[in-house]
2 protein chains.
Amino acid sequence: MSSKIQDFTNRINQYLDNLDLIRKPEELYLPVQYCLGNGGKRIRPLMALLAGDMYGGNTNDIMGPAAGMEIFHNFTLMHDDIMDQAPLRRGKPSVYKKWNANTAILSGDVMFALAIQHIALCPAQHLKQILDLFNKTVIEVCEGQQYDMNFEILDKVTEEEYINMIRLKTAVLPAACLKTGALIAGAPQAEAQKLYEFGEYVGIAFQLMDDWLDIFGDEETFGKKTGGDIVANKKTWFYIKAFEMANENQLRDLRNAFTNRIYNPEEKISMVKNVFLQLKLDELSLEKMEQYNTRAFACLDQIALPENNKMELRTLAQNLLNRQI
Amino acid sequence: MSSKIQDFTNRINQYLDNLDLIRKPEELYLPVQYCLGNGGKRIRPLMALLAGDMYGGNTNDIMGPAAGMEIFHNFTLMHDDIMDQAPLRRGKPSVYKKWNANTAILSGDVMFALAIQHIALCPAQHLKQILDLFNKTVIEVCEGQQYDMNFEILDKVTEEEYINMIRLKTAVLPAACLKTGALIAGAPQAEAQKLYEFGEYVGIAFQLMDDWLDIFGDEETFGKKTGGDIVANKKTWFYIKAFEMANENQLRDLRNAFTNRIYNPEEKISMVKNVFLQLKLDELSLEKMEQYNTRAFACLDQIALPENNKMELRTLAQNLLNRQI
């Protein structure tokens with residue numbers, strides 16, 4: 001990790017650790033403290049600061065909105081965990097498990113308002129544009145979550161629909177962070193928009209890698225058991241492509257596995273993984289990621305700044321994809 | 001209803017009816033349409049417009065934020081209904097009942113973002129102040145809902161704590177609407193603040209009247225059965241004052257009723273109502289409301305505008321309390 005990334009990350013952590021959350025009623029604010037205190041890599045605010053720094057902007061002007069984006073991100077996790085019935089978040093009980101669903105709803109809502117308070121710390125001349133971008137992003141993230149939930153009960157989801165869902169659910173927020181940082185630092189509108197697209201492509205590649213790791217990742221390095229998405233019948237890129245490309249025998253195996261006729265999870269994982277490998281989805285998905293990465297870097301290439309200024313973002317994106325951060 | 005109030009209400013309804021909510025995914029937006037299409041008196045945006053009009057402001061400049069406040073209000077109802085397990089809202093199934101809790105969570109979240117989009121339509125020079133006021137208000141409304149939930153499981157709640165809870169949960173939003181309208185219309189800060197306080201006092205009186213009507217209201221006029229709060233053991237002003245003032249016999253009756261030793265609801269209501277009447281809480285509460293009303297009108301008196309300009313707001317507040325609107 002570069003010293004700049006380290007320095008920015010420290011400043012973000014410090015900013016977030018120093019939020020005044022010891023407030024009453026504590027039933028409302030303790031879950032907010034718990035959620036924000038549970039770490040995470042703070043990639044989104046880091047992207048905002050790096051984008052602003054690239055244009056020589058004063059990162060102090062960006063810190064508020066950057067923190068706002070991170071608070072918003074954590075709010076979505078708090079609500080998503082209720083909807084997805086996810087009992088764990090970053091290795092600890094999620095808020096609705098530790099407390100209850102009502103607490104996670106209301107503490108989430110107050111986090112949303114806290115997020116906008118920090119967005120509103122944006123320098124006045126940029127406030128309207130940054131706020132509009134933020135609102136558009138929030139709406140898209142909600143749409144992404146809705147599509148994700150819809151997919152659970154849909155028979156057929158296309159690759160295009162899946163990519164659009166992860167774009168909305170995962171990619172538009174880092175994209176908005178990059179654009180926010182650049183705009184506050186005075187970047188030209190067109191270049192800020194290129195950074196937005198860079199963020200979208202990186203975000204999509206990142207989510208595809210997440211799906212890949214869930215199947216083919218090294219359990220030791222990855223730190224969690226693989227095959228979770230398969231066991232949960234999750235309609236990932238692999239699920240969708242497999243049904244699209246499978247021959248009759250493979251289709252039968254997939255159907256057997258995903259209709260839970262095979263009840264032993266290990267057997268189910270191995271059966272599905274086998275089909276994925278036969279169809280070379282492991283390699284195809286890496287090619288797909290490479291495509292998105294190439295598009296991402298093409299956006300960066302269109303930015304008229306010395307290569308040296310772009311280096312941090314380029315490295316960050318590469319490291320994200322290689323999970324070295 | 002004055003023709004001005006009628007005209008403003010029509011314009012608000014038209015604005016809200018014309019929101020573009022036919023969007024995809026429809027699973028996300030149909031509940032928003034349903035919720036906003038379910039009417040309500042639109043008192044909050046009306047207050048914003050009346051306050052702005054009082055200062056000769058262009059109400060078109062106020063319409064966006066006014067609608068944003070109403071959308072936010074409906075968002076809180078959607079989430080509160082989950083938390084309070086309230087199956088009905090304005091006589092129709094609440095969103096979590098008609099769909100499910102996940103839908104009510106996520107469609108609520110997207111409404112929150114839509115609300116801020118409309119707040120952001122505020123004229124640029126006022127945006128920062130209006131947004132800050134809005135965020136502060138949202139946070140307070142969440143705090144109010146949390147206190148309300150806390151009170152359910154607390155043994156003892158003081159009158160002061162109760163008044164503060166209804167101030168946060170109910171009164172700060174109309175207060176913020178009034179201040180927003182006035183500020184956009186160019187009112188002096190101190191007078192906008194006086195209108196805020198006027199709204200707080202009116203809001204508290206309104207909520208006390210709500211509690212009163214739930215016990216002593218005429219079922220025909222009121223349109224719903226009385227005694228609901230008593231049956232639900234709700235810690236209203238009456239509950240709190242009764243326990244504070246009761247003699248030994250009355251205390252025994254209250255305890256019997258509220259610990260559900262009396263199981264017949266009609267019997268329970270009559271037993272509790274009887275104690276309330278013995279303690280003259282019906283009259284005492286009306287005096288209390290009158291006190292808040294007096295404070296409210298004292299705020300209006302401190303505003304240096306011709307009495308004629310204040311007439312609409314004065315009438316609105318009186319009608320609200322008499323439930324003639």
# chains A, B, ... in the order shown; residues from 1 in each chain; ligands from 1
$ residues_around --residues "stretch 107-112 of chain A" --least-positions-apart "3" --cutoff "8 Å" --atoms "only C-alpha atoms" --output "MDAnalysis selection string"
(chainID A and resid 28:29 31:32 71:72 75:76 78:79 103:104 115:116) or (chainID B and resid 109 138:139 142)
$ write_last_selection --atoms "N, CA, C and O atoms" --output "compact mmCIF listing (two decimals), in the first residue's frame"
# COMPACT_ATOMS: atom_id res chain seq x y z
N LEU A 28 -30.82 4.26 19.85
CA LEU A 28 -30.76 4.65 18.44
C LEU A 28 -29.32 4.72 17.95
O LEU A 28 -29.01 4.30 16.83
N TYR A 29 -28.42 5.26 18.81
CA TYR A 29 -27.07 5.56 18.33
C TYR A 29 -26.05 4.45 18.58
O TYR A 29 -25.04 4.39 17.88
N PRO A 31 -26.25 1.23 17.89
CA PRO A 31 -26.09 0.42 16.69
C PRO A 31 -25.32 1.15 15.57
O PRO A 31 -24.63 0.52 14.78
N VAL A 32 -25.45 2.47 15.52
CA VAL A 32 -24.72 3.24 14.51
C VAL A 32 -23.21 3.18 14.82
O VAL A 32 -22.40 2.92 13.93
N ILE A 71 -20.72 6.50 5.28
CA ILE A 71 -21.83 6.31 6.23
C ILE A 71 -23.04 5.77 5.48
O ILE A 71 -23.70 4.84 5.94
N PHE A 72 -23.30 6.35 4.31
CA PHE A 72 -24.42 5.84 3.50
C PHE A 72 -24.21 4.36 3.16
O PHE A 72 -25.13 3.56 3.27
N PHE A 75 -25.06 2.30 6.02
CA PHE A 75 -26.52 2.28 6.17
C PHE A 75 -27.14 1.21 5.26
O PHE A 75 -28.00 0.44 5.69
N THR A 76 -26.69 1.14 4.00
CA THR A 76 -27.26 0.14 3.08
C THR A 76 -26.99 -1.27 3.60
O THR A 76 -27.84 -2.14 3.49
N MET A 78 -26.73 -2.14 6.69
CA MET A 78 -27.59 -2.40 7.86
C MET A 78 -28.99 -2.82 7.41
O MET A 78 -29.57 -3.76 7.95
N HIS A 79 -29.52 -2.13 6.40
CA HIS A 79 -30.85 -2.49 5.89
C HIS A 79 -30.80 -3.76 5.03
O HIS A 79 -31.69 -4.61 5.14
N THR A 103 -34.69 -2.06 15.34
CA THR A 103 -33.50 -1.26 15.62
C THR A 103 -32.70 -1.03 14.35
O THR A 103 -32.24 0.09 14.09
N ALA A 104 -32.54 -2.07 13.55
CA ALA A 104 -31.75 -1.92 12.32
C ALA A 104 -32.45 -0.99 11.33
O ALA A 104 -31.79 -0.26 10.59
N ALA A 115 -25.48 10.68 7.03
CA ALA A 115 -24.72 10.68 5.77
C ALA A 115 -24.93 11.99 5.02
O ALA A 115 -23.96 12.63 4.60
N ILE A 116 -26.18 12.42 4.91
CA ILE A 116 -26.44 13.66 4.16
C ILE A 116 -25.86 14.87 4.88
O ILE A 116 -25.41 15.81 4.26
N ASP B 109 -36.79 3.53 1.89
CA ASP B 109 -35.46 4.12 1.67
C ASP B 109 -35.42 4.96 0.39
O ASP B 109 -34.84 6.04 0.35
N VAL B 138 -34.91 15.40 10.35
CA VAL B 138 -34.98 13.94 10.14
C VAL B 138 -34.40 13.22 11.36
O VAL B 138 -35.00 12.27 11.88
N ILE B 139 -33.25 13.69 11.81
CA ILE B 139 -32.59 13.06 12.96
C ILE B 139 -33.49 13.13 14.19
O ILE B 139 -33.66 12.15 14.91
N CYS B 142 -36.39 10.67 13.96
CA CYS B 142 -35.92 9.32 14.31
C CYS B 142 -35.77 9.18 15.82
O CYS B 142 -36.15 8.16 16.41
$ select_by_dssp --residues "stretch 84-118 of chain B" --states "alpha helix (DSSP H)" --output "PyMOL selection string"
chain B and resi 95-98+101-118
$ residues_around --residues "A:Arg255" --least-positions-apart "5" --cutoff "12 Å" --atoms "only C-alpha atoms" --output "ChimeraX atom specification"
/A:155,233,239,242-243,246-250,260-262,268,271-272,275
$ write_last_selection --atoms "N, CA, C and O atoms" --output "CSV table (one decimal), in the first residue's frame"
chain,number,residue,atom,x,y,z
A,155,ASP,N,-37.3,-17.0,-12.7
A,155,ASP,CA,-36.7,-18.2,-13.3
A,155,ASP,C,-35.5,-17.9,-14.1
A,155,ASP,O,-34.5,-18.6,-14.1
A,233,ASN,N,-28.2,-20.9,-3.8
A,233,ASN,CA,-28.9,-20.8,-5.1
A,233,ASN,C,-28.8,-19.4,-5.7
A,233,ASN,O,-29.7,-19.0,-6.4
A,239,TYR,N,-24.0,-18.8,-12.3
A,239,TYR,CA,-25.2,-19.5,-12.4
A,239,TYR,C,-25.9,-19.2,-13.7
A,239,TYR,O,-26.4,-20.1,-14.4
A,242,ALA,N,-24.0,-20.6,-16.8
A,242,ALA,CA,-24.0,-22.0,-16.8
A,242,ALA,C,-25.3,-22.5,-17.4
A,242,ALA,O,-25.3,-23.4,-18.3
A,243,PHE,N,-26.4,-21.9,-17.0
A,243,PHE,CA,-27.7,-22.3,-17.5
A,243,PHE,C,-27.8,-22.0,-19.0
A,243,PHE,O,-28.5,-22.7,-19.8
A,246,ALA,N,-25.1,-24.7,-20.8
A,246,ALA,CA,-25.0,-26.1,-20.5
A,246,ALA,C,-25.6,-27.0,-21.6
A,246,ALA,O,-26.6,-26.6,-22.2
A,247,ASN,N,-25.0,-28.2,-21.8
A,247,ASN,CA,-25.7,-29.2,-22.6
A,247,ASN,C,-26.7,-29.9,-21.7
A,247,ASN,O,-26.9,-29.6,-20.6
A,248,GLU,N,-27.3,-31.0,-22.4
A,248,GLU,CA,-28.4,-31.6,-21.7
A,248,GLU,C,-28.0,-32.2,-20.3
A,248,GLU,O,-28.7,-32.1,-19.3
A,249,ASN,N,-26.9,-32.9,-20.3
A,249,ASN,CA,-26.4,-33.6,-19.1
A,249,ASN,C,-26.1,-32.6,-18.0
A,249,ASN,O,-26.4,-32.7,-16.9
A,250,GLN,N,-25.4,-31.5,-18.5
A,250,GLN,CA,-25.0,-30.5,-17.5
A,250,GLN,C,-26.3,-29.8,-16.9
A,250,GLN,O,-26.3,-29.5,-15.7
A,260,ASN,N,-32.3,-28.4,-5.1
A,260,ASN,CA,-32.1,-29.0,-3.8
A,260,ASN,C,-32.4,-30.5,-3.7
A,260,ASN,O,-32.7,-31.0,-2.7
A,261,ARG,N,-32.4,-31.2,-4.9
A,261,ARG,CA,-32.6,-32.6,-4.8
A,261,ARG,C,-31.4,-33.3,-4.2
A,261,ARG,O,-31.5,-34.3,-3.7
A,262,ILE,N,-30.3,-32.6,-4.4
A,262,ILE,CA,-29.0,-33.0,-3.7
A,262,ILE,C,-29.0,-32.2,-2.4
A,262,ILE,O,-28.9,-31.0,-2.4
A,268,LYS,N,-23.4,-30.8,-3.4
A,268,LYS,CA,-24.1,-29.8,-4.3
A,268,LYS,C,-23.0,-28.9,-4.9
A,268,LYS,O,-22.9,-28.6,-6.1
A,271,MET,N,-20.8,-30.7,-7.4
A,271,MET,CA,-21.6,-31.0,-8.7
A,271,MET,C,-21.7,-29.7,-9.5
A,271,MET,O,-21.4,-29.8,-10.7
A,272,VAL,N,-22.0,-28.6,-8.9
A,272,VAL,CA,-22.2,-27.4,-9.7
A,272,VAL,C,-20.8,-26.8,-10.2
A,272,VAL,O,-20.6,-26.4,-11.3
A,275,VAL,N,-19.6,-28.5,-13.2
A,275,VAL,CA,-20.2,-28.0,-14.5
A,275,VAL,C,-19.6,-26.7,-14.9
A,275,VAL,O,-19.2,-26.5,-16.0
$ interface_residues --of "chain A" --to "chain B" --cutoff "9 Å" --atoms "only C-alpha atoms" --output "ChimeraX atom specification"
/A:24-25,27-28,79-80,82-84,101-103,105-107,109-114,116-117,120-121,124,127-128,131-132,134-136,138-147,150
$ residues_around --residues "B:Lys4" --least-positions-apart "5" --cutoff "10 Å" --atoms "only C-alpha atoms" --output "number ranges by chain"
B: 9-10, 50, 53, 312
$ write_last_selection --atoms "C-alpha atoms" --output "PDB file, in the first residue's frame"
ATOM      1  CA  THR B   9     -53.777  22.272  -1.282  1.00  0.00           C
ATOM      2  CA  ASN B  10     -54.841  21.692  -4.876  1.00  0.00           C
ATOM      3  CA  LEU B  50     -48.574  29.562   3.751  1.00  0.00           C
ATOM      4  CA  ASP B  53     -46.920  33.426   1.088  1.00  0.00           C
ATOM      5  CA  GLU B 312     -54.337  32.050   7.252  1.00  0.00           C
TER       6      GLU B 312
END
$ atom_distance --atom1 "atom CA of B:Cys299" --atom2 "atom CA of B:Val202"
10.7 Å
$ atom_distance --atom1 "atom CA of A:Gly68" --atom2 "atom CA of B:Ala48"
27.9 Å
$ residues_around --residues "A:Ile5" --least-positions-apart "5" --cutoff "12 Å" --atoms "only C-alpha atoms" --output "number ranges by chain"
A: 10-12, 41-43, 45-51, 53, 311-313, 315-316, 319, 325
$ write_last_selection --atoms "N, CA, C and O atoms" --output "PDB file, in the first residue's frame"
ATOM      1  N   ASN A  10      -5.822   6.518   6.942  1.00  0.00           N
ATOM      2  CA  ASN A  10      -5.738   6.913   8.354  1.00  0.00           C
ATOM      3  C   ASN A  10      -6.622   8.121   8.648  1.00  0.00           C
ATOM      4  O   ASN A  10      -7.322   8.166   9.665  1.00  0.00           O
ATOM      5  N   ARG A  11      -6.576   9.089   7.747  1.00  0.00           N
ATOM      6  CA  ARG A  11      -7.368  10.305   7.973  1.00  0.00           C
ATOM      7  C   ARG A  11      -8.866  10.004   7.933  1.00  0.00           C
ATOM      8  O   ARG A  11      -9.654  10.560   8.696  1.00  0.00           O
ATOM      9  N   ILE A  12      -9.255   9.119   6.999  1.00  0.00           N
ATOM     10  CA  ILE A  12     -10.674   8.729   6.921  1.00  0.00           C
ATOM     11  C   ILE A  12     -11.097   8.009   8.206  1.00  0.00           C
ATOM     12  O   ILE A  12     -12.140   8.313   8.790  1.00  0.00           O
ATOM     13  N   LYS A  41     -12.908  -1.565   4.645  1.00  0.00           N
ATOM     14  CA  LYS A  41     -11.669  -1.048   4.068  1.00  0.00           C
ATOM     15  C   LYS A  41     -11.747   0.432   3.700  1.00  0.00           C
ATOM     16  O   LYS A  41     -10.762   1.039   3.308  1.00  0.00           O
ATOM     17  N   ARG A  42     -12.940   1.009   3.828  1.00  0.00           N
ATOM     18  CA  ARG A  42     -13.119   2.442   3.543  1.00  0.00           C
ATOM     19  C   ARG A  42     -12.654   2.792   2.129  1.00  0.00           C
ATOM     20  O   ARG A  42     -12.055   3.868   1.918  1.00  0.00           O
ATOM     21  N   ILE A  43     -12.881   1.872   1.200  1.00  0.00           N
ATOM     22  CA  ILE A  43     -12.440   2.080  -0.176  1.00  0.00           C
ATOM     23  C   ILE A  43     -13.143   3.267  -0.823  1.00  0.00           C
ATOM     24  O   ILE A  43     -12.540   4.026  -1.587  1.00  0.00           O
ATOM     25  N   PRO A  45     -14.592   6.211   0.431  1.00  0.00           N
ATOM     26  CA  PRO A  45     -14.050   7.549   0.712  1.00  0.00           C
ATOM     27  C   PRO A  45     -12.607   7.703   0.225  1.00  0.00           C
ATOM     28  O   PRO A  45     -12.207   8.794  -0.200  1.00  0.00           O
ATOM     29  N   LEU A  46     -11.856   6.604   0.263  1.00  0.00           N
ATOM     30  CA  LEU A  46     -10.484   6.661  -0.253  1.00  0.00           C
ATOM     31  C   LEU A  46     -10.485   7.066  -1.726  1.00  0.00           C
ATOM     32  O   LEU A  46      -9.672   7.897  -2.160  1.00  0.00           O
ATOM     33  N   MET A  47     -11.406   6.496  -2.490  1.00  0.00           N
ATOM     34  CA  MET A  47     -11.505   6.853  -3.902  1.00  0.00           C
ATOM     35  C   MET A  47     -11.821   8.335  -4.089  1.00  0.00           C
ATOM     36  O   MET A  47     -11.273   8.988  -4.978  1.00  0.00           O
ATOM     37  N   ALA A  48     -12.705   8.862  -3.244  1.00  0.00           N
ATOM     38  CA  ALA A  48     -13.047  10.286  -3.339  1.00  0.00           C
ATOM     39  C   ALA A  48     -11.807  11.147  -3.095  1.00  0.00           C
ATOM     40  O   ALA A  48     -11.532  12.101  -3.834  1.00  0.00           O
ATOM     41  N   LEU A  49     -11.045  10.796  -2.062  1.00  0.00           N
ATOM     42  CA  LEU A  49      -9.847  11.574  -1.744  1.00  0.00           C
ATOM     43  C   LEU A  49      -8.785  11.442  -2.838  1.00  0.00           C
ATOM     44  O   LEU A  49      -8.153  12.439  -3.215  1.00  0.00           O
ATOM     45  N   LEU A  50      -8.602  10.234  -3.346  1.00  0.00           N
ATOM     46  CA  LEU A  50      -7.588  10.041  -4.390  1.00  0.00           C
ATOM     47  C   LEU A  50      -7.954  10.812  -5.659  1.00  0.00           C
ATOM     48  O   LEU A  50      -7.093  11.416  -6.303  1.00  0.00           O
ATOM     49  N   ALA A  51      -9.245  10.784  -6.012  1.00  0.00           N
ATOM     50  CA  ALA A  51      -9.678  11.506  -7.223  1.00  0.00           C
ATOM     51  C   ALA A  51      -9.454  13.004  -7.055  1.00  0.00           C
ATOM     52  O   ALA A  51      -9.013  13.688  -7.984  1.00  0.00           O
ATOM     53  N   ASP A  53      -7.278  14.434  -4.988  1.00  0.00           N
ATOM     54  CA  ASP A  53      -5.834  14.657  -4.909  1.00  0.00           C
ATOM     55  C   ASP A  53      -5.191  14.663  -6.294  1.00  0.00           C
ATOM     56  O   ASP A  53      -4.259  15.423  -6.562  1.00  0.00           O
ATOM     57  N   MET A 311      -1.494   7.401 -11.077  1.00  0.00           N
ATOM     58  CA  MET A 311      -0.883   6.146 -10.648  1.00  0.00           C
ATOM     59  C   MET A 311      -1.598   5.513  -9.448  1.00  0.00           C
ATOM     60  O   MET A 311      -1.866   4.322  -9.437  1.00  0.00           O
ATOM     61  N   GLU A 312      -1.921   6.335  -8.474  1.00  0.00           N
ATOM     62  CA  GLU A 312      -2.536   5.788  -7.251  1.00  0.00           C
ATOM     63  C   GLU A 312      -3.862   5.092  -7.561  1.00  0.00           C
ATOM     64  O   GLU A 312      -4.126   3.997  -7.061  1.00  0.00           O
ATOM     65  N   LEU A 313      -4.681   5.748  -8.372  1.00  0.00           N
ATOM     66  CA  LEU A 313      -5.986   5.164  -8.697  1.00  0.00           C
ATOM     67  C   LEU A 313      -5.827   3.887  -9.506  1.00  0.00           C
ATOM     68  O   LEU A 313      -6.551   2.920  -9.313  1.00  0.00           O
ATOM     69  N   THR A 315      -3.275   1.843  -9.475  1.00  0.00           N
ATOM     70  CA  THR A 315      -2.804   0.774  -8.586  1.00  0.00           C
ATOM     71  C   THR A 315      -3.928   0.271  -7.683  1.00  0.00           C
ATOM     72  O   THR A 315      -4.105  -0.925  -7.488  1.00  0.00           O
ATOM     73  N   LEU A 316      -4.707   1.227  -7.163  1.00  0.00           N
ATOM     74  CA  LEU A 316      -5.813   0.838  -6.280  1.00  0.00           C
ATOM     75  C   LEU A 316      -6.759  -0.113  -7.009  1.00  0.00           C
ATOM     76  O   LEU A 316      -7.147  -1.157  -6.474  1.00  0.00           O
ATOM     77  N   ASN A 319      -5.147  -3.490  -7.455  1.00  0.00           N
ATOM     78  CA  ASN A 319      -5.077  -4.213  -6.181  1.00  0.00           C
ATOM     79  C   ASN A 319      -6.443  -4.712  -5.725  1.00  0.00           C
ATOM     80  O   ASN A 319      -6.551  -5.785  -5.143  1.00  0.00           O
ATOM     81  N   ILE A 325      -5.952  -5.647  -1.314  1.00  0.00           N
ATOM     82  CA  ILE A 325      -6.296  -4.581  -0.370  1.00  0.00           C
ATOM     83  C   ILE A 325      -7.527  -5.004   0.401  1.00  0.00           C
ATOM     84  O   ILE A 325      -8.346  -5.743  -0.096  1.00  0.00           O
TER      85      ILE A 325
END
$ residues_around --residues "stretch 283-292 of chain A" --least-positions-apart "2" --cutoff "12 Å" --atoms "only C-alpha atoms" --output "PyMOL selection string"
chain A and resi 159+163+167+171+197-213+215-216+236-242+245+276-281+294-299+317-318+321-322
$ write_last_selection --atoms "C-alpha atoms" --output "PDB file, in the first residue's frame"
ATOM      1  CA  GLU A 159     -26.248 -11.749 -18.220  1.00  0.00           C
ATOM      2  CA  ILE A 163     -24.460  -6.885 -14.933  1.00  0.00           C
ATOM      3  CA  ARG A 167     -23.688  -1.940 -11.587  1.00  0.00           C
ATOM      4  CA  ALA A 171     -20.621   0.038  -8.841  1.00  0.00           C
ATOM      5  CA  GLU A 197     -17.270   5.498 -15.665  1.00  0.00           C
ATOM      6  CA  PHE A 198     -13.883   4.226 -14.517  1.00  0.00           C
ATOM      7  CA  GLY A 199     -15.476   3.576 -11.128  1.00  0.00           C
ATOM      8  CA  GLU A 200     -18.456   1.792 -12.649  1.00  0.00           C
ATOM      9  CA  TYR A 201     -16.243  -0.574 -14.653  1.00  0.00           C
ATOM     10  CA  VAL A 202     -13.932  -1.247 -11.727  1.00  0.00           C
ATOM     11  CA  GLY A 203     -16.967  -1.877  -9.538  1.00  0.00           C
ATOM     12  CA  ILE A 204     -18.432  -4.401 -11.958  1.00  0.00           C
ATOM     13  CA  ALA A 205     -15.102  -6.220 -12.321  1.00  0.00           C
ATOM     14  CA  PHE A 206     -14.770  -6.214  -8.530  1.00  0.00           C
ATOM     15  CA  GLN A 207     -18.187  -7.824  -8.064  1.00  0.00           C
ATOM     16  CA  LEU A 208     -17.446 -10.457 -10.720  1.00  0.00           C
ATOM     17  CA  MET A 209     -14.236 -11.246  -8.851  1.00  0.00           C
ATOM     18  CA  ASP A 210     -16.287 -11.529  -5.673  1.00  0.00           C
ATOM     19  CA  ASP A 211     -18.460 -14.144  -7.382  1.00  0.00           C
ATOM     20  CA  TRP A 212     -15.335 -15.927  -8.716  1.00  0.00           C
ATOM     21  CA  LEU A 213     -13.694 -16.019  -5.294  1.00  0.00           C
ATOM     22  CA  ILE A 215     -16.399 -20.470  -5.982  1.00  0.00           C
ATOM     23  CA  PHE A 216     -12.721 -20.792  -6.815  1.00  0.00           C
ATOM     24  CA  THR A 236     -24.536 -14.979  -9.880  1.00  0.00           C
ATOM     25  CA  TRP A 237     -22.861 -14.502 -13.268  1.00  0.00           C
ATOM     26  CA  PHE A 238     -21.751 -18.166 -13.070  1.00  0.00           C
ATOM     27  CA  TYR A 239     -25.250 -19.463 -12.396  1.00  0.00           C
ATOM     28  CA  ILE A 240     -26.653 -17.456 -15.298  1.00  0.00           C
ATOM     29  CA  LYS A 241     -23.921 -18.361 -17.797  1.00  0.00           C
ATOM     30  CA  ALA A 242     -24.016 -22.023 -16.793  1.00  0.00           C
ATOM     31  CA  MET A 245     -24.330 -22.644 -22.008  1.00  0.00           C
ATOM     32  CA  PHE A 276     -18.754 -24.518 -14.156  1.00  0.00           C
ATOM     33  CA  LEU A 277     -15.291 -25.971 -14.856  1.00  0.00           C
ATOM     34  CA  GLN A 278     -16.498 -28.102 -17.765  1.00  0.00           C
ATOM     35  CA  LEU A 279     -17.911 -24.913 -19.304  1.00  0.00           C
ATOM     36  CA  LYS A 280     -14.621 -23.121 -18.528  1.00  0.00           C
ATOM     37  CA  LEU A 281     -16.562 -20.413 -16.690  1.00  0.00           C
ATOM     38  CA  THR A 294      -9.641  -2.568 -19.930  1.00  0.00           C
ATOM     39  CA  ARG A 295     -12.661  -0.309 -20.299  1.00  0.00           C
ATOM     40  CA  ALA A 296     -11.908   1.169 -16.894  1.00  0.00           C
ATOM     41  CA  PHE A 297      -8.318   1.986 -17.793  1.00  0.00           C
ATOM     42  CA  ALA A 298      -9.398   3.378 -21.157  1.00  0.00           C
ATOM     43  CA  CYS A 299     -11.446   5.944 -19.200  1.00  0.00           C
ATOM     44  CA  ALA A 317      -8.047  -0.585  -9.013  1.00  0.00           C
ATOM     45  CA  GLN A 318      -5.521  -3.314  -9.820  1.00  0.00           C
ATOM     46  CA  LEU A 321      -9.183  -6.813  -8.425  1.00  0.00           C
ATOM     47  CA  ASN A 322      -6.302  -8.908  -7.143  1.00  0.00           C
TER      48      ASN A 322
END
$ atom_distance --atom1 "atom CA of A:Gln193" --atom2 "atom CA of A:Ala176"
9.2 Å
